[in-house]
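Notes follow the structure.
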Amino acid sequence: MNKEVLLRAEGLRKSFGGVTAVNDVNFEMKRGEILGVIGPNGSGKTTLVNCITGFHKPTAGKVRFRGRNITGMKPHRIADLGINRTFQIMRPYFSMPAFKNLVIPLSSPRAKRVGGWRGGGRHGDRNTVAVDILEELGFERDSRVPYKLAGTLPTGYLKRLELGRCLALRPELIICDEVFSGLSASEISSLVPLLEKLNAQGITLIMIEHRLAELFRVANRVVALSYGEKVTEGEPDEVMEHP
Ligand code: ADP
Ligand code: MG
């Protein structure tokens, strides 16, 4: 059975004045895949994420999600349709307890509509769901970690908090922008099974990465960018052999 095409980029381009950061990029992905996007610094990876998630309006081309043209929609509308992203430069609410960072997305229309949670304006429920999500991501519920100020958490937990913020919106697709960067090899090894678990639960993933060895173990397929253009695409082994 052919799986549904979840996301498609058609001739996507983004220019900043004279710099074309993303140049005529085409790719598609099916529901359930883990797609890696690789490329050196400055090759347009984050700009591509920004174009898909509405943070940048593409200069040309289209983005389709479940067949629907989402090009140029605002980020909150795209999130409401089911695409969420982590930030390479993490921006939690540093002065709030970690779990409170999830209470905000848990208050969104999508979280109420799609999540099992039935709002009703009772803060207690949202707090519990927030801690539930963090627990799934390896925050030990009975430790103090979920309740610590986000600004005091080490990088490994901040990356998980970013994922938690995404999960709170019950996304169909999560785009992780260099979620491995700044992590030690052992922190990466503990994050990988979490990503695989999310994928097994039905969440489609795009992983923008720089750390190829680790990525190639998780991704089903890889798209490589260079100077904003797609230079190759294929299974990790095939892409590994490309010059
Ligand atoms: P990557 O994530 O692969 O490191 P980026 O997408 O961040 O690459 O950047 C691609 C290119 O676009 C770089 O040359 C960068 O300087 C440029 N660029 C990215 N964002 C902007 C912006 N907001 N304004 C101007 N130039 C930008
Ligand atoms: Mg980047």
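Letters A, B, ... go to the chains of the structure tokens in the order shown; residues in each chain start at 1; ligands are counted from 1 in the same order.
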All strand (DSSP E or B) residues (DSSP, backbone) inside segment 48-228 of chain A, as a PyMOL selection string: chain A and resi 60-65+68-69+83-85+97+149+173-177+204-209+221-226
Ser107 of chain A: which residues within 9 Å, counting only C-alpha atoms, same-chain residues fewer than 3 positions away excluded, as a PDB file with all heavy atoms, in the first residue's frame?
ATOM      1  N   LEU A 102       5.351  24.026  28.443  1.00  0.00           N
ATOM      2  CA  LEU A 102       4.431  23.214  27.647  1.00  0.00           C
ATOM      3  C   LEU A 102       2.985  23.622  27.860  1.00  0.00           C
ATOM      4  O   LEU A 102       2.125  23.326  27.036  1.00  0.00           O
ATOM      5  CB  LEU A 102       4.584  21.726  27.996  1.00  0.00           C
ATOM      6  CG  LEU A 102       5.687  20.979  27.269  1.00  0.00           C
ATOM      7  CD1 LEU A 102       7.058  21.477  27.661  1.00  0.00           C
ATOM      8  CD2 LEU A 102       5.563  19.497  27.525  1.00  0.00           C
ATOM      9  N   VAL A 103       2.746  24.299  28.978  1.00  0.00           N
ATOM     10  CA  VAL A 103       1.370  24.675  29.287  1.00  0.00           C
ATOM     11  C   VAL A 103       0.858  25.683  28.247  1.00  0.00           C
ATOM     12  O   VAL A 103      -0.322  25.676  27.884  1.00  0.00           O
ATOM     13  CB  VAL A 103       1.292  25.228  30.728  1.00  0.00           C
ATOM     14  CG1 VAL A 103      -0.032  25.928  30.972  1.00  0.00           C
ATOM     15  CG2 VAL A 103       1.506  24.086  31.724  1.00  0.00           C
ATOM     16  N   ILE A 104       1.789  26.470  27.711  1.00  0.00           N
ATOM     17  CA  ILE A 104       1.372  27.464  26.723  1.00  0.00           C
ATOM     18  C   ILE A 104       0.885  26.783  25.432  1.00  0.00           C
ATOM     19  O   ILE A 104      -0.256  26.981  25.026  1.00  0.00           O
ATOM     20  CB  ILE A 104       2.493  28.495  26.485  1.00  0.00           C
ATOM     21  CG1 ILE A 104       2.750  29.241  27.811  1.00  0.00           C
ATOM     22  CG2 ILE A 104       2.134  29.468  25.363  1.00  0.00           C
ATOM     23  CD1 ILE A 104       4.088  29.933  27.889  1.00  0.00           C
ATOM     24  N   ARG A 110      -5.208  23.606  18.680  1.00  0.00           N
ATOM     25  CA  ARG A 110      -4.895  22.262  18.178  1.00  0.00           C
ATOM     26  C   ARG A 110      -4.733  21.256  19.319  1.00  0.00           C
ATOM     27  O   ARG A 110      -5.210  20.128  19.235  1.00  0.00           O
ATOM     28  CB  ARG A 110      -3.630  22.271  17.320  1.00  0.00           C
ATOM     29  CG  ARG A 110      -3.306  20.883  16.794  1.00  0.00           C
ATOM     30  CD  ARG A 110      -2.122  20.803  15.867  1.00  0.00           C
ATOM     31  NE  ARG A 110      -1.850  19.412  15.572  1.00  0.00           N
ATOM     32  CZ  ARG A 110      -2.346  18.748  14.537  1.00  0.00           C
ATOM     33  NH1 ARG A 110      -3.132  19.372  13.666  1.00  0.00           N
ATOM     34  NH2 ARG A 110      -2.084  17.479  14.350  1.00  0.00           N
ATOM     35  N   ALA A 111      -4.027  21.687  20.383  1.00  0.00           N
ATOM     36  CA  ALA A 111      -3.815  20.775  21.515  1.00  0.00           C
ATOM     37  C   ALA A 111      -5.157  20.335  22.092  1.00  0.00           C
ATOM     38  O   ALA A 111      -5.350  19.173  22.442  1.00  0.00           O
ATOM     39  CB  ALA A 111      -2.958  21.444  22.576  1.00  0.00           C
ATOM     40  N   LYS A 112      -6.087  21.266  22.155  1.00  0.00           N
ATOM     41  CA  LYS A 112      -7.400  20.929  22.724  1.00  0.00           C
ATOM     42  C   LYS A 112      -8.191  20.041  21.763  1.00  0.00           C
ATOM     43  O   LYS A 112      -8.886  19.126  22.188  1.00  0.00           O
ATOM     44  CB  LYS A 112      -8.192  22.197  23.015  1.00  0.00           C
ATOM     45  CG  LYS A 112      -7.599  22.984  24.165  1.00  0.00           C
ATOM     46  CD  LYS A 112      -8.394  24.247  24.429  1.00  0.00           C
ATOM     47  CE  LYS A 112      -7.623  25.141  25.381  1.00  0.00           C
ATOM     48  NZ  LYS A 112      -8.160  26.497  25.422  1.00  0.00           N
ATOM     49  N   GLY A 119      -9.228  20.405  28.027  1.00  0.00           N
ATOM     50  CA  GLY A 119      -9.186  21.755  28.566  1.00  0.00           C
ATOM     51  C   GLY A 119     -10.105  22.087  29.718  1.00  0.00           C
ATOM     52  O   GLY A 119      -9.869  21.687  30.849  1.00  0.00           O
ATOM     53  N   GLY A 121     -10.274  24.858  30.946  1.00  0.00           N
ATOM     54  CA  GLY A 121      -9.707  25.997  31.660  1.00  0.00           C
ATOM     55  C   GLY A 121      -9.105  25.636  33.007  1.00  0.00           C
ATOM     56  O   GLY A 121      -8.688  26.499  33.759  1.00  0.00           O
ATOM     57  N   ARG A 126      -3.688  20.762  32.674  1.00  0.00           N
ATOM     58  CA  ARG A 126      -2.606  21.078  31.737  1.00  0.00           C
ATOM     59  C   ARG A 126      -1.246  20.825  32.367  1.00  0.00           C
ATOM     60  O   ARG A 126      -0.344  20.331  31.713  1.00  0.00           O
ATOM     61  CB  ARG A 126      -2.694  22.549  31.301  1.00  0.00           C
ATOM     62  CG  ARG A 126      -3.611  22.723  30.113  1.00  0.00           C
ATOM     63  CD  ARG A 126      -3.679  24.163  29.719  1.00  0.00           C
ATOM     64  NE  ARG A 126      -4.416  24.920  30.716  1.00  0.00           N
ATOM     65  CZ  ARG A 126      -4.858  26.148  30.522  1.00  0.00           C
ATOM     66  NH1 ARG A 126      -4.622  26.769  29.395  1.00  0.00           N
ATOM     67  NH2 ARG A 126      -5.525  26.757  31.460  1.00  0.00           N
ATOM     68  N   ALA A 168       3.464  18.972  22.584  1.00  0.00           N
ATOM     69  CA  ALA A 168       2.270  19.508  23.230  1.00  0.00           C
ATOM     70  C   ALA A 168       1.225  19.914  22.185  1.00  0.00           C
ATOM     71  O   ALA A 168       0.027  19.882  22.449  1.00  0.00           O
ATOM     72  CB  ALA A 168       2.636  20.705  24.100  1.00  0.00           C
ATOM     73  N   LEU A 169       1.690  20.239  20.985  1.00  0.00           N
ATOM     74  CA  LEU A 169       0.767  20.647  19.919  1.00  0.00           C
ATOM     75  C   LEU A 169       0.267  19.459  19.097  1.00  0.00           C
ATOM     76  O   LEU A 169      -0.357  19.650  18.063  1.00  0.00           O
ATOM     77  CB  LEU A 169       1.442  21.668  18.997  1.00  0.00           C
ATOM     78  CG  LEU A 169       1.417  23.092  19.545  1.00  0.00           C
ATOM     79  CD1 LEU A 169       2.482  23.940  18.882  1.00  0.00           C
ATOM     80  CD2 LEU A 169       0.044  23.713  19.302  1.00  0.00           C
TER      81      LEU A 169
END
Using only C-alpha atoms and all ligand atoms, which residues have at least one atom no more than 8 Å from ligand 2? Output them as a short mmCIF file (atom, residue, chain, number, x, y, z; two decimals) with C-alpha atoms, in the first residue's frame.
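Written file, selection_14.cif:
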data_model
loop_
_atom_site.label_atom_id
_atom_site.label_comp_id
_atom_site.auth_asym_id
_atom_site.auth_seq_id
_atom_site.Cartn_x
_atom_site.Cartn_y
_atom_site.Cartn_z
CA ASN A 41 27.08 25.49 7.52
CA GLY A 42 25.31 28.11 5.47
CA GLY A 44 20.31 26.72 3.61
CA LYS A 45 19.06 24.08 6.04
CA THR A 46 17.55 26.44 8.59
CA THR A 47 16.17 28.67 5.85
CA GLN A 88 18.62 25.34 16.52
CA ASP A 177 16.86 21.75 13.49
CA GLU A 178 20.20 20.32 14.64
CA ILE A 208 18.30 18.72 9.93
#
Straight-line distance linking atom CA of Val114 of chain A with atom CA of Ala130 of chain A, stated in Å to one decimal: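 Atom-to-atom, atom CA of Val114 of chain A to atom CA of Ala130 of chain A, that is 15.1 Å.
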For atom CA of Tyr147 of chain A and atom CA of Ala98 of chain A, the interatomic separation in Å (one decimal):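 Those two atoms sit 5.7 Å apart.
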